[in-house]
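K.L.:
The file below is protein.cif, mmCIF, N, CA, C and O atoms:
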data_query
loop_
_atom_site.label_atom_id
_atom_site.label_comp_id
_atom_site.auth_asym_id
_atom_site.auth_seq_id
_atom_site.Cartn_x
_atom_site.Cartn_y
_atom_site.Cartn_z
N MET A 1 -66.28 1.49 37.42
CA MET A 1 -65.96 1.31 36.01
C MET A 1 -65.43 2.61 35.44
O MET A 1 -66.09 3.65 35.55
N GLU A 2 -64.26 2.57 34.87
CA GLU A 2 -63.62 3.77 34.34
C GLU A 2 -63.88 3.92 32.84
O GLU A 2 -64.07 2.94 32.15
N VAL A 3 -63.87 5.16 32.39
CA VAL A 3 -63.99 5.47 30.98
C VAL A 3 -62.77 6.28 30.59
O VAL A 3 -62.41 7.24 31.28
N LYS A 4 -62.12 5.89 29.50
CA LYS A 4 -60.89 6.55 29.10
C LYS A 4 -61.05 7.24 27.75
O LYS A 4 -61.84 6.83 26.91
N ALA A 5 -60.27 8.30 27.57
CA ALA A 5 -60.16 8.98 26.29
C ALA A 5 -58.74 9.51 26.18
O ALA A 5 -58.15 9.95 27.18
N LYS A 6 -58.18 9.44 24.98
CA LYS A 6 -56.80 9.85 24.78
C LYS A 6 -56.71 10.68 23.51
O LYS A 6 -57.36 10.38 22.51
N LEU A 7 -55.91 11.73 23.57
CA LEU A 7 -55.70 12.60 22.43
C LEU A 7 -54.20 12.74 22.24
O LEU A 7 -53.50 13.20 23.14
N SER A 8 -53.71 12.31 21.09
CA SER A 8 -52.27 12.31 20.86
C SER A 8 -51.87 13.33 19.81
O SER A 8 -52.67 13.67 18.93
N PHE A 9 -50.65 13.80 19.92
CA PHE A 9 -50.03 14.70 18.94
C PHE A 9 -50.82 16.01 18.77
O PHE A 9 -51.03 16.47 17.67
N VAL A 10 -51.27 16.58 19.87
CA VAL A 10 -51.99 17.85 19.84
C VAL A 10 -50.95 18.96 19.73
O VAL A 10 -49.96 18.98 20.45
N ARG A 11 -51.18 19.92 18.83
CA ARG A 11 -50.21 20.99 18.60
C ARG A 11 -50.36 22.10 19.64
O ARG A 11 -50.77 23.22 19.33
N ILE A 12 -50.06 21.77 20.88
CA ILE A 12 -50.04 22.75 21.97
C ILE A 12 -48.98 22.28 22.96
O ILE A 12 -48.78 21.07 23.13
N GLY A 13 -48.29 23.21 23.56
CA GLY A 13 -47.26 22.85 24.53
C GLY A 13 -47.86 22.19 25.75
O GLY A 13 -48.96 22.53 26.19
N ALA A 14 -47.14 21.24 26.31
CA ALA A 14 -47.64 20.49 27.47
C ALA A 14 -47.82 21.39 28.68
O ALA A 14 -48.77 21.23 29.45
N GLN A 15 -46.94 22.36 28.85
CA GLN A 15 -47.02 23.25 30.00
C GLN A 15 -48.30 24.08 29.96
O GLN A 15 -48.96 24.29 30.98
N LYS A 16 -48.69 24.54 28.78
CA LYS A 16 -49.91 25.34 28.64
C LYS A 16 -51.15 24.48 28.85
O LYS A 16 -52.13 24.92 29.44
N ALA A 17 -51.11 23.24 28.38
CA ALA A 17 -52.26 22.34 28.55
C ALA A 17 -52.40 21.90 30.00
O ALA A 17 -53.53 21.67 30.48
N ARG A 18 -51.29 21.81 30.73
CA ARG A 18 -51.36 21.39 32.13
C ARG A 18 -52.07 22.42 33.00
O ARG A 18 -52.68 22.07 34.01
N LEU A 19 -52.00 23.69 32.62
CA LEU A 19 -52.70 24.73 33.39
C LEU A 19 -54.20 24.48 33.42
O LEU A 19 -54.86 24.60 34.45
N VAL A 20 -54.75 24.10 32.27
CA VAL A 20 -56.18 23.81 32.18
C VAL A 20 -56.48 22.46 32.84
O VAL A 20 -57.50 22.30 33.52
N ALA A 21 -55.61 21.49 32.66
CA ALA A 21 -55.83 20.16 33.23
C ALA A 21 -55.87 20.21 34.76
O ALA A 21 -56.70 19.55 35.40
N ASP A 22 -55.00 21.02 35.36
CA ASP A 22 -54.99 21.15 36.81
C ASP A 22 -56.27 21.80 37.32
O ASP A 22 -56.70 21.55 38.44
N MET A 23 -56.86 22.66 36.49
CA MET A 23 -58.06 23.38 36.89
C MET A 23 -59.28 22.46 36.98
O MET A 23 -60.17 22.69 37.80
N ILE A 24 -59.34 21.40 36.15
CA ILE A 24 -60.56 20.58 36.10
C ILE A 24 -60.42 19.25 36.83
O ILE A 24 -61.39 18.52 36.96
N ARG A 25 -59.24 18.93 37.31
CA ARG A 25 -59.02 17.62 37.95
C ARG A 25 -59.90 17.48 39.19
O ARG A 25 -59.94 18.35 40.04
N GLY A 26 -60.65 16.36 39.26
CA GLY A 26 -61.48 16.07 40.43
C GLY A 26 -62.89 16.64 40.37
O GLY A 26 -63.68 16.38 41.27
N LYS A 27 -63.22 17.39 39.35
CA LYS A 27 -64.54 18.01 39.27
C LYS A 27 -65.50 17.14 38.46
O LYS A 27 -65.09 16.30 37.67
N SER A 28 -66.79 17.39 38.62
CA SER A 28 -67.79 16.63 37.89
C SER A 28 -67.79 17.06 36.43
O SER A 28 -67.37 18.16 36.08
N VAL A 29 -68.31 16.19 35.56
CA VAL A 29 -68.30 16.45 34.12
C VAL A 29 -69.16 17.65 33.78
O VAL A 29 -68.79 18.47 32.93
N ASN A 30 -70.32 17.81 34.45
CA ASN A 30 -71.18 18.96 34.19
C ASN A 30 -70.48 20.26 34.53
O ASN A 30 -70.56 21.25 33.80
N GLU A 31 -69.76 20.28 35.65
CA GLU A 31 -69.03 21.47 36.06
C GLU A 31 -67.87 21.77 35.11
O GLU A 31 -67.60 22.93 34.77
N VAL A 32 -67.20 20.71 34.64
CA VAL A 32 -66.08 20.87 33.71
C VAL A 32 -66.53 21.48 32.40
O VAL A 32 -65.90 22.40 31.88
N THR A 33 -67.65 21.01 31.86
CA THR A 33 -68.13 21.56 30.59
C THR A 33 -68.56 23.02 30.75
O THR A 33 -68.36 23.82 29.83
N ARG A 34 -69.12 23.38 31.91
CA ARG A 34 -69.48 24.77 32.15
C ARG A 34 -68.24 25.66 32.23
O ARG A 34 -68.21 26.76 31.69
N ILE A 35 -67.21 25.17 32.92
CA ILE A 35 -65.97 25.95 33.07
C ILE A 35 -65.29 26.14 31.71
O ILE A 35 -64.89 27.24 31.35
N LEU A 36 -65.17 25.06 30.96
CA LEU A 36 -64.40 25.12 29.72
C LEU A 36 -65.17 25.75 28.56
O LEU A 36 -64.56 26.13 27.56
N ALA A 37 -66.48 25.89 28.68
CA ALA A 37 -67.25 26.51 27.61
C ALA A 37 -66.86 27.97 27.42
O ALA A 37 -66.90 28.49 26.30
N PHE A 38 -66.46 28.64 28.49
CA PHE A 38 -66.12 30.05 28.42
C PHE A 38 -64.64 30.31 28.68
O PHE A 38 -64.25 31.43 28.98
N HIS A 39 -63.82 29.29 28.55
CA HIS A 39 -62.39 29.44 28.79
C HIS A 39 -61.71 29.97 27.53
O HIS A 39 -62.00 29.52 26.42
N ASP A 40 -60.80 30.92 27.69
CA ASP A 40 -60.21 31.60 26.55
C ASP A 40 -59.04 30.84 25.92
O ASP A 40 -58.75 31.03 24.75
N GLN A 41 -58.35 30.03 26.69
CA GLN A 41 -57.14 29.39 26.17
C GLN A 41 -57.48 28.30 25.16
O GLN A 41 -58.55 27.69 25.19
N LYS A 42 -56.53 28.05 24.26
CA LYS A 42 -56.69 27.03 23.24
C LYS A 42 -56.86 25.65 23.86
O LYS A 42 -57.65 24.82 23.40
N ALA A 43 -56.13 25.40 24.95
CA ALA A 43 -56.21 24.10 25.63
C ALA A 43 -57.60 23.84 26.18
O ALA A 43 -58.03 22.69 26.28
N GLY A 44 -58.34 24.88 26.53
CA GLY A 44 -59.69 24.72 27.06
C GLY A 44 -60.62 24.08 26.05
O GLY A 44 -61.40 23.18 26.38
N LYS A 45 -60.55 24.52 24.79
CA LYS A 45 -61.40 23.95 23.75
C LYS A 45 -61.00 22.51 23.45
O LYS A 45 -61.86 21.65 23.23
N ILE A 46 -59.70 22.24 23.45
CA ILE A 46 -59.21 20.89 23.15
C ILE A 46 -59.65 19.91 24.24
O ILE A 46 -60.17 18.83 23.95
N ILE A 47 -59.48 20.29 25.50
CA ILE A 47 -59.81 19.40 26.61
C ILE A 47 -61.33 19.24 26.73
O ILE A 47 -61.83 18.16 27.08
N LYS A 48 -62.09 20.28 26.39
CA LYS A 48 -63.56 20.17 26.41
C LYS A 48 -64.02 19.11 25.41
O LYS A 48 -64.89 18.28 25.72
N LYS A 49 -63.44 19.09 24.21
CA LYS A 49 -63.80 18.08 23.23
C LYS A 49 -63.41 16.68 23.70
O LYS A 49 -64.12 15.70 23.47
N LEU A 50 -62.28 16.59 24.41
CA LEU A 50 -61.82 15.30 24.93
C LEU A 50 -62.77 14.79 26.01
O LEU A 50 -63.10 13.60 26.04
N VAL A 51 -63.25 15.68 26.87
CA VAL A 51 -64.21 15.29 27.91
C VAL A 51 -65.52 14.82 27.28
O VAL A 51 -66.10 13.80 27.69
N GLU A 52 -65.98 15.54 26.26
CA GLU A 52 -67.20 15.14 25.57
C GLU A 52 -67.03 13.78 24.88
O GLU A 52 -67.96 12.98 24.84
N SER A 53 -65.84 13.51 24.38
CA SER A 53 -65.56 12.21 23.76
C SER A 53 -65.60 11.10 24.80
O SER A 53 -66.14 10.01 24.55
N ALA A 54 -65.05 11.37 25.99
CA ALA A 54 -65.06 10.36 27.05
C ALA A 54 -66.49 10.09 27.53
O ALA A 54 -66.86 8.95 27.82
N VAL A 55 -67.32 11.13 27.59
CA VAL A 55 -68.72 10.96 27.99
C VAL A 55 -69.46 10.13 26.93
O VAL A 55 -70.28 9.26 27.26
N ALA A 56 -69.16 10.37 25.66
CA ALA A 56 -69.77 9.57 24.60
C ALA A 56 -69.33 8.12 24.70
O ALA A 56 -70.14 7.21 24.46
N ASN A 57 -68.07 7.89 25.08
CA ASN A 57 -67.61 6.51 25.30
C ASN A 57 -68.39 5.84 26.42
O ASN A 57 -68.73 4.66 26.35
N ALA A 58 -68.70 6.61 27.46
CA ALA A 58 -69.47 6.06 28.59
C ALA A 58 -70.89 5.73 28.17
O ALA A 58 -71.46 4.73 28.62
N GLU A 59 -71.48 6.56 27.31
CA GLU A 59 -72.84 6.29 26.84
C GLU A 59 -72.89 5.04 25.98
O GLU A 59 -73.86 4.28 26.04
N VAL A 60 -71.85 4.81 25.20
CA VAL A 60 -71.81 3.63 24.34
C VAL A 60 -71.68 2.37 25.18
O VAL A 60 -72.31 1.35 24.90
N LYS A 61 -70.88 2.43 26.25
CA LYS A 61 -70.68 1.25 27.11
C LYS A 61 -71.95 0.89 27.88
O LYS A 61 -72.17 -0.26 28.21
N GLN A 62 -72.76 1.89 28.21
CA GLN A 62 -74.03 1.71 28.92
C GLN A 62 -73.90 0.96 30.24
O GLN A 62 -74.78 0.20 30.63
N VAL A 63 -72.79 1.18 30.92
CA VAL A 63 -72.62 0.54 32.22
C VAL A 63 -72.59 1.59 33.33
O VAL A 63 -72.82 1.28 34.48
N ILE A 64 -72.33 2.84 32.94
CA ILE A 64 -72.13 3.91 33.92
C ILE A 64 -73.24 4.94 33.76
O ILE A 64 -73.67 5.24 32.66
N ASP A 65 -73.67 5.49 34.88
CA ASP A 65 -74.62 6.61 34.86
C ASP A 65 -73.83 7.88 34.51
O ASP A 65 -72.94 8.30 35.25
N VAL A 66 -74.15 8.48 33.37
CA VAL A 66 -73.37 9.60 32.84
C VAL A 66 -73.47 10.83 33.74
O VAL A 66 -72.54 11.63 33.81
N ASP A 67 -74.56 10.98 34.48
CA ASP A 67 -74.74 12.16 35.33
C ASP A 67 -73.81 12.16 36.54
O ASP A 67 -73.57 13.21 37.14
N ASN A 68 -73.29 10.99 36.92
CA ASN A 68 -72.43 10.90 38.11
C ASN A 68 -70.94 10.84 37.78
O ASN A 68 -70.14 10.53 38.65
N LEU A 69 -70.57 11.14 36.55
CA LEU A 69 -69.15 11.06 36.16
C LEU A 69 -68.37 12.25 36.68
O LEU A 69 -68.88 13.36 36.79
N TYR A 70 -67.11 11.99 37.01
CA TYR A 70 -66.18 13.06 37.40
C TYR A 70 -64.81 12.75 36.81
O TYR A 70 -64.52 11.63 36.40
N VAL A 71 -63.96 13.76 36.75
CA VAL A 71 -62.62 13.61 36.18
C VAL A 71 -61.73 12.99 37.26
O VAL A 71 -61.31 13.66 38.20
N LYS A 72 -61.47 11.70 37.11
CA LYS A 72 -60.64 11.00 38.08
C LYS A 72 -59.18 11.34 37.87
O LYS A 72 -58.46 11.69 38.80
N THR A 73 -58.73 11.24 36.62
CA THR A 73 -57.33 11.50 36.30
C THR A 73 -57.26 12.22 34.96
O THR A 73 -57.95 11.85 34.02
N ILE A 74 -56.41 13.22 34.90
CA ILE A 74 -56.08 13.84 33.62
C ILE A 74 -54.60 14.22 33.71
O ILE A 74 -54.16 14.80 34.69
N TYR A 75 -53.85 13.82 32.71
CA TYR A 75 -52.44 14.19 32.68
C TYR A 75 -52.01 14.47 31.25
O TYR A 75 -52.57 13.94 30.30
N VAL A 76 -51.04 15.35 31.15
CA VAL A 76 -50.55 15.82 29.86
C VAL A 76 -49.07 15.50 29.76
O VAL A 76 -48.28 15.93 30.61
N ASP A 77 -48.72 14.72 28.75
CA ASP A 77 -47.32 14.37 28.51
C ASP A 77 -46.81 15.12 27.28
O ASP A 77 -47.59 15.50 26.41
N GLU A 78 -45.51 15.30 27.23
CA GLU A 78 -44.92 15.96 26.07
C GLU A 78 -44.89 15.01 24.88
O GLU A 78 -44.61 13.83 25.02
N GLY A 79 -45.18 15.54 23.71
CA GLY A 79 -45.09 14.79 22.48
C GLY A 79 -43.83 15.19 21.73
O GLY A 79 -42.98 15.91 22.26
N PRO A 80 -43.69 14.77 20.49
CA PRO A 80 -42.50 15.13 19.72
C PRO A 80 -42.52 16.61 19.33
O PRO A 80 -43.58 17.24 19.27
N GLN A 81 -41.33 17.13 19.09
CA GLN A 81 -41.20 18.53 18.70
C GLN A 81 -40.85 18.61 17.23
O GLN A 81 -40.03 17.85 16.74
N ILE A 82 -41.49 19.53 16.53
CA ILE A 82 -41.12 19.82 15.15
C ILE A 82 -40.10 20.94 15.21
O ILE A 82 -40.36 21.98 15.82
N LYS A 83 -38.96 20.75 14.57
CA LYS A 83 -37.90 21.76 14.64
C LYS A 83 -37.82 22.52 13.34
O LYS A 83 -37.73 21.94 12.27
N ARG A 84 -37.87 23.83 13.45
CA ARG A 84 -37.76 24.73 12.30
C ARG A 84 -36.66 25.74 12.59
O ARG A 84 -36.28 25.94 13.74
N PHE A 85 -36.19 26.40 11.55
CA PHE A 85 -35.15 27.40 11.72
C PHE A 85 -35.61 28.73 11.14
O PHE A 85 -36.27 28.78 10.11
N MET A 86 -35.25 29.80 11.84
CA MET A 86 -35.59 31.15 11.40
C MET A 86 -34.29 31.90 11.10
O MET A 86 -33.37 31.88 11.93
N PRO A 87 -34.18 32.51 9.93
CA PRO A 87 -32.96 33.25 9.61
C PRO A 87 -32.79 34.47 10.52
O PRO A 87 -33.76 35.14 10.86
N ARG A 88 -31.54 34.71 10.89
CA ARG A 88 -31.19 35.86 11.73
C ARG A 88 -30.11 36.66 11.03
O ARG A 88 -29.64 36.29 9.97
N SER A 89 -29.70 37.71 11.69
CA SER A 89 -28.73 38.60 11.08
C SER A 89 -27.34 37.95 10.98
O SER A 89 -27.02 37.04 11.75
N GLN A 90 -26.55 38.42 10.05
CA GLN A 90 -25.17 38.01 9.84
C GLN A 90 -25.06 36.51 9.54
O GLN A 90 -24.13 35.84 9.98
N GLY A 91 -26.03 35.96 8.83
CA GLY A 91 -25.94 34.57 8.38
C GLY A 91 -26.25 33.53 9.44
O GLY A 91 -26.04 32.34 9.21
N ARG A 92 -26.74 33.94 10.57
CA ARG A 92 -27.05 32.98 11.63
C ARG A 92 -28.48 32.45 11.44
O ARG A 92 -29.25 32.96 10.66
N ALA A 93 -28.82 31.43 12.25
CA ALA A 93 -30.17 30.89 12.27
C ALA A 93 -30.49 30.46 13.70
O ALA A 93 -29.61 29.97 14.41
N THR A 94 -31.73 30.67 14.11
CA THR A 94 -32.15 30.21 15.43
C THR A 94 -33.21 29.14 15.27
O THR A 94 -34.00 29.16 14.34
N GLU A 95 -33.18 28.21 16.21
CA GLU A 95 -34.10 27.07 16.14
C GLU A 95 -35.44 27.45 16.78
O GLU A 95 -35.48 28.10 17.82
N ILE A 96 -36.51 27.03 16.15
CA ILE A 96 -37.86 27.19 16.70
C ILE A 96 -38.42 25.80 16.94
O ILE A 96 -38.45 24.98 16.03
N LYS A 97 -38.84 25.54 18.17
CA LYS A 97 -39.41 24.24 18.52
C LYS A 97 -40.92 24.37 18.57
O LYS A 97 -41.46 25.11 19.38
N LYS A 98 -41.60 23.64 17.70
CA LYS A 98 -43.06 23.61 17.71
C LYS A 98 -43.47 22.38 18.50
O LYS A 98 -43.37 21.25 18.02
N ARG A 99 -43.93 22.61 19.70
CA ARG A 99 -44.17 21.53 20.64
C ARG A 99 -45.54 20.88 20.44
O ARG A 99 -46.47 21.51 19.95
N SER A 100 -45.63 19.63 20.86
CA SER A 100 -46.91 18.92 20.84
C SER A 100 -47.05 18.17 22.15
O SER A 100 -46.11 18.09 22.94
N SER A 101 -48.23 17.63 22.38
CA SER A 101 -48.46 16.93 23.64
C SER A 101 -49.49 15.81 23.46
O SER A 101 -50.21 15.76 22.47
N HIS A 102 -49.50 14.93 24.44
CA HIS A 102 -50.47 13.83 24.51
C HIS A 102 -51.30 14.05 25.78
O HIS A 102 -50.76 14.19 26.86
N ILE A 103 -52.63 14.04 25.63
CA ILE A 103 -53.52 14.28 26.77
C ILE A 103 -54.30 12.99 27.05
O ILE A 103 -54.91 12.44 26.14
N ASN A 104 -54.24 12.52 28.29
CA ASN A 104 -54.94 11.32 28.72
C ASN A 104 -55.96 11.68 29.79
O ASN A 104 -55.66 12.41 30.72
N LEU A 105 -57.18 11.14 29.64
CA LEU A 105 -58.27 11.48 30.54
C LEU A 105 -58.96 10.21 31.00
O LEU A 105 -59.24 9.31 30.18
N ILE A 106 -59.24 10.12 32.30
CA ILE A 106 -59.99 8.99 32.86
C ILE A 106 -61.14 9.54 33.67
O ILE A 106 -60.93 10.33 34.58
N LEU A 107 -62.36 9.14 33.31
CA LEU A 107 -63.55 9.52 34.06
C LEU A 107 -64.01 8.32 34.88
O LEU A 107 -63.86 7.18 34.46
N ASP A 108 -64.59 8.61 36.04
CA ASP A 108 -65.09 7.53 36.89
C ASP A 108 -66.42 7.98 37.49
O ASP A 108 -66.78 9.15 37.43
N GLU A 109 -67.13 7.03 38.07
CA GLU A 109 -68.45 7.30 38.64
C GLU A 109 -68.32 7.52 40.15
O GLU A 109 -67.58 6.82 40.82
N ARG A 110 -69.05 8.53 40.64
CA ARG A 110 -69.03 8.79 42.09
C ARG A 110 -69.97 7.87 42.81
O ARG A 110 -71.00 7.52 42.34
#
Take the structure from the file and write it as structure tokens.
P.N.:
Amino acid sequence: MEVKAKLSFVRIGAQKARLVADMIRGKSVNEVTRILAFHDQKAGKIIKKLVESAVANAEVKQVIDVDNLYVKTIYVDEGPQIKRFMPRSQGRATEIKKRSSHINLILDER
């Protein structure tokens, strides 16, 4: 029985979030929370909250033993970009892309 959690429109680039997602894929939930508790990157805090949300979903379903959960699948997709412009010299402007992402997490029982 799988437990899912999804976080959409997170204001972090997908490439930066994938670094943390690759680090926790396949590990147990207890190990993931220990790793991400002391992780410095912004994506670490975001993904830690998502894992805790998925564990809470498992507790509500009451079909899975929460102690045996592991990260079966986690993937980060690109979300929409907010486009802004910054003034430059001689009347020019450069575009700034504020990226977002969608994070999907699936926990399963070992």
K.L.:
Applied to this file, what does the PyMOL selection byres ((chain A and resi 26-41) around 8) return in terms of residues, put as a VMD selection string?
P.N.:
chain A and resid 16 21 to 25 42 to 49 51 to 52 66 to 74 106 to 108
K.L.:
Let me know the centre plus edge lengths, in Å and rounded to one decimal, of a box with edges along x, y and z that contains all listed atoms of stretch 15-26 of chain A and is padded by 3 Å on every side, as JSON.
P.N.:
{"center_x": -55.3, "center_y": 20.7, "center_z": 34.8, "size_x": 22.7, "size_y": 15.3, "size_z": 18.9}
K.L.:
DSSP on the backbone: which residues in chain A end up as alpha helix (DSSP H)? Give the answer as a VMD selection string.
P.N.:
chain A and resid 14 to 24 29 to 37 42 to 61
K.L.:
Only N, CA, C and O atoms, please: the residues just picked out, written as a compact mmCIF listing (two decimals), in the frame of the given file.
P.N.:
# COMPACT_ATOMS: atom_id res chain seq x y z
N ALA A 14 -47.14 21.24 26.31
CA ALA A 14 -47.64 20.49 27.47
C ALA A 14 -47.82 21.39 28.68
O ALA A 14 -48.77 21.23 29.45
N GLN A 15 -46.94 22.36 28.85
CA GLN A 15 -47.02 23.25 30.00
C GLN A 15 -48.30 24.08 29.96
O GLN A 15 -48.96 24.29 30.98
N LYS A 16 -48.69 24.54 28.78
CA LYS A 16 -49.91 25.34 28.64
C LYS A 16 -51.15 24.48 28.85
O LYS A 16 -52.13 24.92 29.44
N ALA A 17 -51.11 23.24 28.38
CA ALA A 17 -52.26 22.34 28.55
C ALA A 17 -52.40 21.90 30.00
O ALA A 17 -53.53 21.67 30.48
N ARG A 18 -51.29 21.81 30.73
CA ARG A 18 -51.36 21.39 32.13
C ARG A 18 -52.07 22.42 33.00
O ARG A 18 -52.68 22.07 34.01
N LEU A 19 -52.00 23.69 32.62
CA LEU A 19 -52.70 24.73 33.39
C LEU A 19 -54.20 24.48 33.42
O LEU A 19 -54.86 24.60 34.45
N VAL A 20 -54.75 24.10 32.27
CA VAL A 20 -56.18 23.81 32.18
C VAL A 20 -56.48 22.46 32.84
O VAL A 20 -57.50 22.30 33.52
N ALA A 21 -55.61 21.49 32.66
CA ALA A 21 -55.83 20.16 33.23
C ALA A 21 -55.87 20.21 34.76
O ALA A 21 -56.70 19.55 35.40
N ASP A 22 -55.00 21.02 35.36
CA ASP A 22 -54.99 21.15 36.81
C ASP A 22 -56.27 21.80 37.32
O ASP A 22 -56.70 21.55 38.44
N MET A 23 -56.86 22.66 36.49
CA MET A 23 -58.06 23.38 36.89
C MET A 23 -59.28 22.46 36.98
O MET A 23 -60.17 22.69 37.80
N ILE A 24 -59.34 21.40 36.15
CA ILE A 24 -60.56 20.58 36.10
C ILE A 24 -60.42 19.25 36.83
O ILE A 24 -61.39 18.52 36.96
N VAL A 29 -68.31 16.19 35.56
CA VAL A 29 -68.30 16.45 34.12
C VAL A 29 -69.16 17.65 33.78
O VAL A 29 -68.79 18.47 32.93
N ASN A 30 -70.32 17.81 34.45
CA ASN A 30 -71.18 18.96 34.19
C ASN A 30 -70.48 20.26 34.53
O ASN A 30 -70.56 21.25 33.80
N GLU A 31 -69.76 20.28 35.65
CA GLU A 31 -69.03 21.47 36.06
C GLU A 31 -67.87 21.77 35.11
O GLU A 31 -67.60 22.93 34.77
N VAL A 32 -67.20 20.71 34.64
CA VAL A 32 -66.08 20.87 33.71
C VAL A 32 -66.53 21.48 32.40
O VAL A 32 -65.90 22.40 31.88
N THR A 33 -67.65 21.01 31.86
CA THR A 33 -68.13 21.56 30.59
C THR A 33 -68.56 23.02 30.75
O THR A 33 -68.36 23.82 29.83
N ARG A 34 -69.12 23.38 31.91
CA ARG A 34 -69.48 24.77 32.15
C ARG A 34 -68.24 25.66 32.23
O ARG A 34 -68.21 26.76 31.69
N ILE A 35 -67.21 25.17 32.92
CA ILE A 35 -65.97 25.95 33.07
C ILE A 35 -65.29 26.14 31.71
O ILE A 35 -64.89 27.24 31.35
N LEU A 36 -65.17 25.06 30.96
CA LEU A 36 -64.40 25.12 29.72
C LEU A 36 -65.17 25.75 28.56
O LEU A 36 -64.56 26.13 27.56
N ALA A 37 -66.48 25.89 28.68
CA ALA A 37 -67.25 26.51 27.61
C ALA A 37 -66.86 27.97 27.42
O ALA A 37 -66.90 28.49 26.30
N LYS A 42 -56.53 28.05 24.26
CA LYS A 42 -56.69 27.03 23.24
C LYS A 42 -56.86 25.65 23.86
O LYS A 42 -57.65 24.82 23.40
N ALA A 43 -56.13 25.40 24.95
CA ALA A 43 -56.21 24.10 25.63
C ALA A 43 -57.60 23.84 26.18
O ALA A 43 -58.03 22.69 26.28
N GLY A 44 -58.34 24.88 26.53
CA GLY A 44 -59.69 24.72 27.06
C GLY A 44 -60.62 24.08 26.05
O GLY A 44 -61.40 23.18 26.38
N LYS A 45 -60.55 24.52 24.79
CA LYS A 45 -61.40 23.95 23.75
C LYS A 45 -61.00 22.51 23.45
O LYS A 45 -61.86 21.65 23.23
N ILE A 46 -59.70 22.24 23.45
CA ILE A 46 -59.21 20.89 23.15
C ILE A 46 -59.65 19.91 24.24
O ILE A 46 -60.17 18.83 23.95
N ILE A 47 -59.48 20.29 25.50
CA ILE A 47 -59.81 19.40 26.61
C ILE A 47 -61.33 19.24 26.73
O ILE A 47 -61.83 18.16 27.08
N LYS A 48 -62.09 20.28 26.39
CA LYS A 48 -63.56 20.17 26.41
C LYS A 48 -64.02 19.11 25.41
O LYS A 48 -64.89 18.28 25.72
N LYS A 49 -63.44 19.09 24.21
CA LYS A 49 -63.80 18.08 23.23
C LYS A 49 -63.41 16.68 23.70
O LYS A 49 -64.12 15.70 23.47
N LEU A 50 -62.28 16.59 24.41
CA LEU A 50 -61.82 15.30 24.93
C LEU A 50 -62.77 14.79 26.01
O LEU A 50 -63.10 13.60 26.04
N VAL A 51 -63.25 15.68 26.87
CA VAL A 51 -64.21 15.29 27.91
C VAL A 51 -65.52 14.82 27.28
O VAL A 51 -66.10 13.80 27.69
N GLU A 52 -65.98 15.54 26.26
CA GLU A 52 -67.20 15.14 25.57
C GLU A 52 -67.03 13.78 24.88
O GLU A 52 -67.96 12.98 24.84
N SER A 53 -65.84 13.51 24.38
CA SER A 53 -65.56 12.21 23.76
C SER A 53 -65.60 11.10 24.80
O SER A 53 -66.14 10.01 24.55
N ALA A 54 -65.05 11.37 25.99
CA ALA A 54 -65.06 10.36 27.05
C ALA A 54 -66.49 10.09 27.53
O ALA A 54 -66.86 8.95 27.82
N VAL A 55 -67.32 11.13 27.59
CA VAL A 55 -68.72 10.96 27.99
C VAL A 55 -69.46 10.13 26.93
O VAL A 55 -70.28 9.26 27.26
N ALA A 56 -69.16 10.37 25.66
CA ALA A 56 -69.77 9.57 24.60
C ALA A 56 -69.33 8.12 24.70
O ALA A 56 -70.14 7.21 24.46
N ASN A 57 -68.07 7.89 25.08
CA ASN A 57 -67.61 6.51 25.30
C ASN A 57 -68.39 5.84 26.42
O ASN A 57 -68.73 4.66 26.35
N ALA A 58 -68.70 6.61 27.46
CA ALA A 58 -69.47 6.06 28.59
C ALA A 58 -70.89 5.73 28.17
O ALA A 58 -71.46 4.73 28.62
N GLU A 59 -71.48 6.56 27.31
CA GLU A 59 -72.84 6.29 26.84
C GLU A 59 -72.89 5.04 25.98
O GLU A 59 -73.86 4.28 26.04
N VAL A 60 -71.85 4.81 25.20
CA VAL A 60 -71.81 3.63 24.34
C VAL A 60 -71.68 2.37 25.18
O VAL A 60 -72.31 1.35 24.90
N LYS A 61 -70.88 2.43 26.25
CA LYS A 61 -70.68 1.25 27.11
C LYS A 61 -71.95 0.89 27.88
O LYS A 61 -72.17 -0.26 28.21
K.L.:
Counting only C-alpha atoms, what is within 10 Å of A:Val10, bar same-chain residues fewer than 3 positions away, as a list in words?
P.N.:
Leu7, Gly13, Ala14, Ala17, Ala43, Ile46, Glu78, Gly79, Pro80, Arg99, Ser100, Ser101, His102 and Ile103 of chain A
K.L.:
Measuring atom to atom with only C-alpha atoms, identify which of A:Asp65, A:Ile12, A:Tyr75, A:Asn57 is nearest to A:Lys97.
P.N.:
A:Ile12
